[in-house]
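All remarks here apply to the structure that follows.
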Amino acid sequence: MLKLSASFAALAVLLPLVSAQAAEWGQCGGIGWTGATTCVSGTTCVESNAYYSQCLPGLPTSTSSASGSSSTSTAKLQTVAKAAGKLYFGTATDNSELTDTAYTAILDDNTMFGQITPANSMKWDATEPTQGTFTFSGGDQIASLAKTNGMLLRGHNCVWYNQLPSWVTSGTWTNSTLTAVIQNHCSTIVSHFKGQVYSWDVVNEPFNDDGTWRTDVFFNTIGESYVPIALNAARTADPNAKLYINDYNIEGPGAKATAMLNLVTSLKQQNVPLDGVGFQCHFIVGELPQGLAANWARFTALGLEMAVTELDIRMTLPSTPALLAQQKTDYTTVISACMSVAGCVGVTVWDWTDKYSWVPSTFSGQGAACPWDQNFVRKPAYDGIAGAFQA
Ligand code: 9MR
């Protein structure tokens with residue numbers, strides 16, 4: 001009898017634990033959801049939208065603490081970046097994330113982040129969805145967050161082939177009508193945020209991976225001179241903002257880096273206003289390009305500054321202690337490269353937590369790319385970043 005009631009007691013303790021976890025594919029969150037918010041082992045709660053989160057298989061339940069390899073650093077990243085002589089350590093964020101108070105509690109810490117980039121709300125589709133009609137509410141929210149917290153702001157972006165409204169992509173343009181459209185768009189958004197922005201990604205991702213020009217509506221209609229057109233409009237609109245061209249797969253030497261180097265060399269020779277180059281740094285664990293610092297130094301030797309603008313280092317899931325250790329090494333490598341290039345002004349991660357990383361929805365089966373896991377637990381990567389700034 002005694003034995004039986006002890007078993008019942010054990011069951012009574014166990015049952016609520018079991019039922020507190022949502023099943024694979026089950027709902028685990030969303031506005032109005034009152035059920036389980038954690039998932040059964042082997043699955044992870046992933047937000048589909050504000051109203052629905054689901055337990056998806058194949059993702060780690062905890063990327064770091066369960067593996068026993070978590071962060072131990074007590075350093076704050078903006079503090080150590082500043083102490084190392086850099087302007088900032090920053091992060092991308094998005095407006096939809098700002099209702100998550102556990103998230104904003106960390107985001108708002110200006111000893112952790114000294115700079116913010118809006119992941120989406122200053123893009124063309126968000127700011128000029130209809131020709132000549134501008135909406136700045138999303139961008140203003142991020143700008144005011146940066147101001148309230150005393151953080152620098154990177155504007156992202158004026159001219160990009162992606163996230164364009166259809167009136168731009170499907171319009172019937174001549175060189176002169178599209179030039180006017182670019183000038184109006186860049187000058188209106190850059191003017192709107194004048195005085196609030198440290199640097200603007202005026203032109204984003206102009207090249208294909210083989211170093212040829214990306215054949216988007218701008219290049220196809222105007223040719224490569226759409227780049228100086230945009231830069232000149234931005235300079236007139238805010239003479240104090242640093243003007244950047246930003247791209248990926250230019251971090252190490254290669255055809256695309258050479259194309260970018262040739263472009264910025266030619267722009268400088270023509271006295272086109274340009275202050276910096278953004279190296280996005282969307283990397284894969286264990287596959288960093290060789291020669292980062294030497295490549296970046298070729299750009300700063302032209303009198304330009306540079307920044308790591310969108311850093312994340314993804315892995316094939318599930319994460320393992322070995323992958324997390326390699327990821328720490330890789331984050332260290334990137335920060336060390338920035339440390340060794342005087343003109344590298346700062347580093348921005350493309351969101352600090354896996355909870356809001358763009359990676360899993362773009363690369364199936366990959367993720368865990370950020371320095372904090374989806375539960376806001378710091379990973380070994382965090383220590384890699386802090387340690388490299390402190391070295
Ligand atoms: O993080 C952004 C994501 O929310 C958007 O869905 C995506 C759409 O293109 O853009 C992401 O940000 C990109 C950035 O603007 C430019 N470089 C690559 C980034 C990751 O795709």
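If you're wondering about the labels, chains in the structure tokens are A, B, ... by order shown, residues count from 1 in each chain, ligands from 1 in order shown.
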Can I get the residues of chain A within 7 Å of ligand 1, each with the closest pair of atoms and their distance in Å to one decimal, using only C-alpha atoms and all ligand atoms, sorted chain first then ascending number, as JSON lines?
{"residue": "A:Ala119", "atom": "CA", "partner": "ligand 1", "partner_atom_place_in_ligand_line": "1 (O)", "distance": 4.9}
{"residue": "A:Asn120", "atom": "CA", "partner": "ligand 1", "partner_atom_place_in_ligand_line": "2 (C)", "distance": 5.9}
{"residue": "A:Asn162", "atom": "CA", "partner": "ligand 1", "partner_atom_place_in_ligand_line": "9 (O)", "distance": 6.0}
{"residue": "A:Gln163", "atom": "CA", "partner": "ligand 1", "partner_atom_place_in_ligand_line": "9 (O)", "distance": 6.1}
{"residue": "A:Gln280", "atom": "CA", "partner": "ligand 1", "partner_atom_place_in_ligand_line": "17 (N)", "distance": 6.8}
{"residue": "A:Glu310", "atom": "CA", "partner": "ligand 1", "partner_atom_place_in_ligand_line": "17 (N)", "distance": 6.9}
{"residue": "A:Trp350", "atom": "CA", "partner": "ligand 1", "partner_atom_place_in_ligand_line": "1 (O)", "distance": 6.9}
{"residue": "A:Trp358", "atom": "CA", "partner": "ligand 1", "partner_atom_place_in_ligand_line": "1 (O)", "distance": 5.2}
Restrict the calculation to only C-alpha atoms, then for each residue of segment 112-222 of chain A with any atom at most 8 Å from an atom of segment 83-96 of chain A give the closest atom pair and their distance in Å to one decimal, rows by chain and rising residue number, as CSV.
residue,atom,partner,partner_atom,distance
A:Met112,CA,A:Phe89,CA,7.5
A:Phe113,CA,A:Gly90,CA,4.8
A:Gly114,CA,A:Tyr88,CA,5.1
A:Gln115,CA,A:Gly90,CA,4.2
A:Ile116,CA,A:Thr91,CA,5.2
A:Thr117,CA,A:Ala92,CA,4.4
A:Pro118,CA,A:Thr93,CA,5.4
A:Ala119,CA,A:Asp94,CA,5.3
A:Asn120,CA,A:Asp94,CA,6.5
A:Ser121,CA,A:Asp94,CA,7.2
A:Gly138,CA,A:Asn95,CA,6.5
A:Gln141,CA,A:Asn95,CA,7.4
A:Ile142,CA,A:Asn95,CA,7.1
A:Leu152,CA,A:Tyr88,CA,7.8
So that I have them on file, write out the residues from the current selection with C-alpha atoms, as a compact mmCIF listing (two decimals), in the first residue's frame.
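Saved as again-v2.txt:
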# COMPACT_ATOMS: atom_id res chain seq x y z
CA MET A 112 25.66 44.87 -24.91
CA PHE A 113 24.65 46.56 -28.18
CA GLY A 114 25.87 49.96 -29.27
CA GLN A 115 24.25 49.87 -32.70
CA ILE A 116 20.99 48.73 -34.32
CA THR A 117 20.09 47.89 -37.93
CA PRO A 118 16.45 47.47 -38.98
CA ALA A 119 16.25 44.06 -40.68
CA ASN A 120 13.34 45.08 -42.88
CA SER A 121 11.54 48.31 -42.04
CA GLY A 138 8.43 50.90 -38.90
CA GLN A 141 10.18 52.81 -34.36
CA ILE A 142 13.68 51.35 -34.78
CA LEU A 152 24.08 54.14 -33.35
How would you write, as JSON, numbers by chain, the set of residues in segment 278-317 of chain A that DSSP gives as strand (DSSP E or B)? {"A": [278, 279, 282, 283, 284, 305, 306, 307, 308, 309, 310, 311, 312, 313, 314, 315, 316]}
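You can rank A:Ala307, A:Ala325, A:Ile385, A:Leu56 by their closest distance to Gly42 of chain A using only C-alpha atoms, and at the top of that list sits A:Leu56.
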Polymer residues at most 12 Å from Phe299 of chain A, only C-alpha atoms, same-chain spacing of 3 or more positions, as JSON, numbers by chain: {"A": [245, 250, 251, 252, 253, 257, 258, 259, 260, 261, 262, 263, 264, 265, 268, 274, 275, 276, 277, 278, 279, 292, 293, 294, 295, 296, 302, 303, 304, 305, 306, 307, 341, 342, 343, 344]}
Name the residues of segment 63-301 of chain A that come out as alpha helix (DSSP H) in a backbone DSSP run; write them as JSON, numbers by chain. {"A": [77, 78, 79, 80, 81, 82, 83, 101, 102, 103, 104, 105, 106, 107, 124, 125, 126, 127, 137, 138, 139, 140, 141, 142, 143, 144, 145, 146, 147, 148, 149, 166, 167, 168, 169, 175, 176, 177, 178, 179, 180, 181, 182, 183, 184, 185, 186, 187, 188, 189, 190, 191, 192, 217, 218, 219, 220, 221, 222, 226, 227, 228, 229, 230, 231, 232, 233, 234, 235, 236, 237, 255, 256, 257, 258, 259, 260, 261, 262, 263, 264, 265, 266, 267, 268, 269, 292, 293, 294, 295, 296, 297, 298, 299, 300]}
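Taking atom CA of Thr215 of chain A and atom CA of Thr177 of chain A as endpoints, the distance between them is 18.0 Å.
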For each of A:Asp312, A:Glu97, A:Glu224, A:Asp351, take the minimum atom-to-atom distance to Val334 of chain A, counting only C-alpha atoms, then give the residue where this is smallest. A:Asp312
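The smallest atom-to-atom distance between Lys328 of chain A and any of A:Leu77, A:Ala180, A:Val285, A:Val308, using only C-alpha atoms, is found for A:Val285.
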Could you pull the residues within 12 Å of Leu243 of chain A, counting only C-alpha atoms, minus those fewer than 3 positions along the same chain, as a PDB file with C-alpha atoms, in the first residue's frame?
ATOM      1  CA  ARG A 154      22.678  51.838 -39.614  1.00  0.00           C
ATOM      2  CA  GLY A 155      20.193  52.617 -42.386  1.00  0.00           C
ATOM      3  CA  HIS A 156      19.408  49.548 -44.492  1.00  0.00           C
ATOM      4  CA  ASN A 157      18.935  50.136 -47.417  1.00  0.00           C
ATOM      5  CA  CYS A 158      18.220  52.502 -50.352  1.00  0.00           C
ATOM      6  CA  CYS A 186      17.083  57.703 -51.738  1.00  0.00           C
ATOM      7  CA  VAL A 190      17.863  59.508 -46.212  1.00  0.00           C
ATOM      8  CA  VAL A 197      21.823  57.516 -38.941  1.00  0.00           C
ATOM      9  CA  TYR A 198      25.507  56.726 -38.531  1.00  0.00           C
ATOM     10  CA  SER A 199      25.773  54.923 -41.880  1.00  0.00           C
ATOM     11  CA  TRP A 200      23.542  53.938 -44.786  1.00  0.00           C
ATOM     12  CA  ASP A 201      23.760  50.868 -46.968  1.00  0.00           C
ATOM     13  CA  VAL A 202      22.985  52.985 -50.016  1.00  0.00           C
ATOM     14  CA  VAL A 203      23.531  50.160 -52.484  1.00  0.00           C
ATOM     15  CA  ASN A 204      23.011  46.577 -51.385  1.00  0.00           C
ATOM     16  CA  VAL A 227      25.334  53.293 -58.117  1.00  0.00           C
ATOM     17  CA  PRO A 228      26.729  56.860 -58.230  1.00  0.00           C
ATOM     18  CA  ALA A 230      22.081  56.653 -55.523  1.00  0.00           C
ATOM     19  CA  LEU A 231      25.229  57.693 -53.640  1.00  0.00           C
ATOM     20  CA  ASN A 232      25.003  61.294 -54.828  1.00  0.00           C
ATOM     21  CA  ALA A 233      21.341  61.524 -53.835  1.00  0.00           C
ATOM     22  CA  ALA A 234      22.136  60.143 -50.377  1.00  0.00           C
ATOM     23  CA  ARG A 235      25.056  62.531 -49.831  1.00  0.00           C
ATOM     24  CA  THR A 236      22.921  65.559 -50.677  1.00  0.00           C
ATOM     25  CA  ALA A 237      20.160  64.344 -48.365  1.00  0.00           C
ATOM     26  CA  ASP A 238      22.400  63.795 -45.312  1.00  0.00           C
ATOM     27  CA  PRO A 239      25.962  65.032 -45.720  1.00  0.00           C
ATOM     28  CA  ASN A 240      26.946  63.572 -42.334  1.00  0.00           C
ATOM     29  CA  ASN A 246      27.126  46.350 -48.774  1.00  0.00           C
ATOM     30  CA  VAL A 264      34.871  51.231 -55.197  1.00  0.00           C
ATOM     31  CA  VAL A 272      31.693  59.821 -56.057  1.00  0.00           C
ATOM     32  CA  PRO A 273      30.666  60.114 -52.396  1.00  0.00           C
ATOM     33  CA  LEU A 274      31.427  56.793 -50.702  1.00  0.00           C
ATOM     34  CA  ASP A 275      32.691  56.182 -47.188  1.00  0.00           C
ATOM     35  CA  GLY A 276      32.589  52.477 -46.543  1.00  0.00           C
ATOM     36  CA  VAL A 277      32.103  48.906 -47.613  1.00  0.00           C
ATOM     37  CA  GLY A 278      29.886  46.512 -45.681  1.00  0.00           C
ATOM     38  CA  LEU A 304      37.372  53.770 -46.988  1.00  0.00           C
ATOM     39  CA  GLU A 305      36.120  52.441 -43.691  1.00  0.00           C
ATOM     40  CA  MET A 306      34.514  49.038 -43.462  1.00  0.00           C
ATOM     41  CA  ALA A 307      32.184  47.132 -41.182  1.00  0.00           C
TER      42      ALA A 307
END
For the atom pair atom CA of Ser69 of chain A and atom CA of Pro380 of chain A, what is the interatomic distance in Å to one decimal place? 6.6 Å
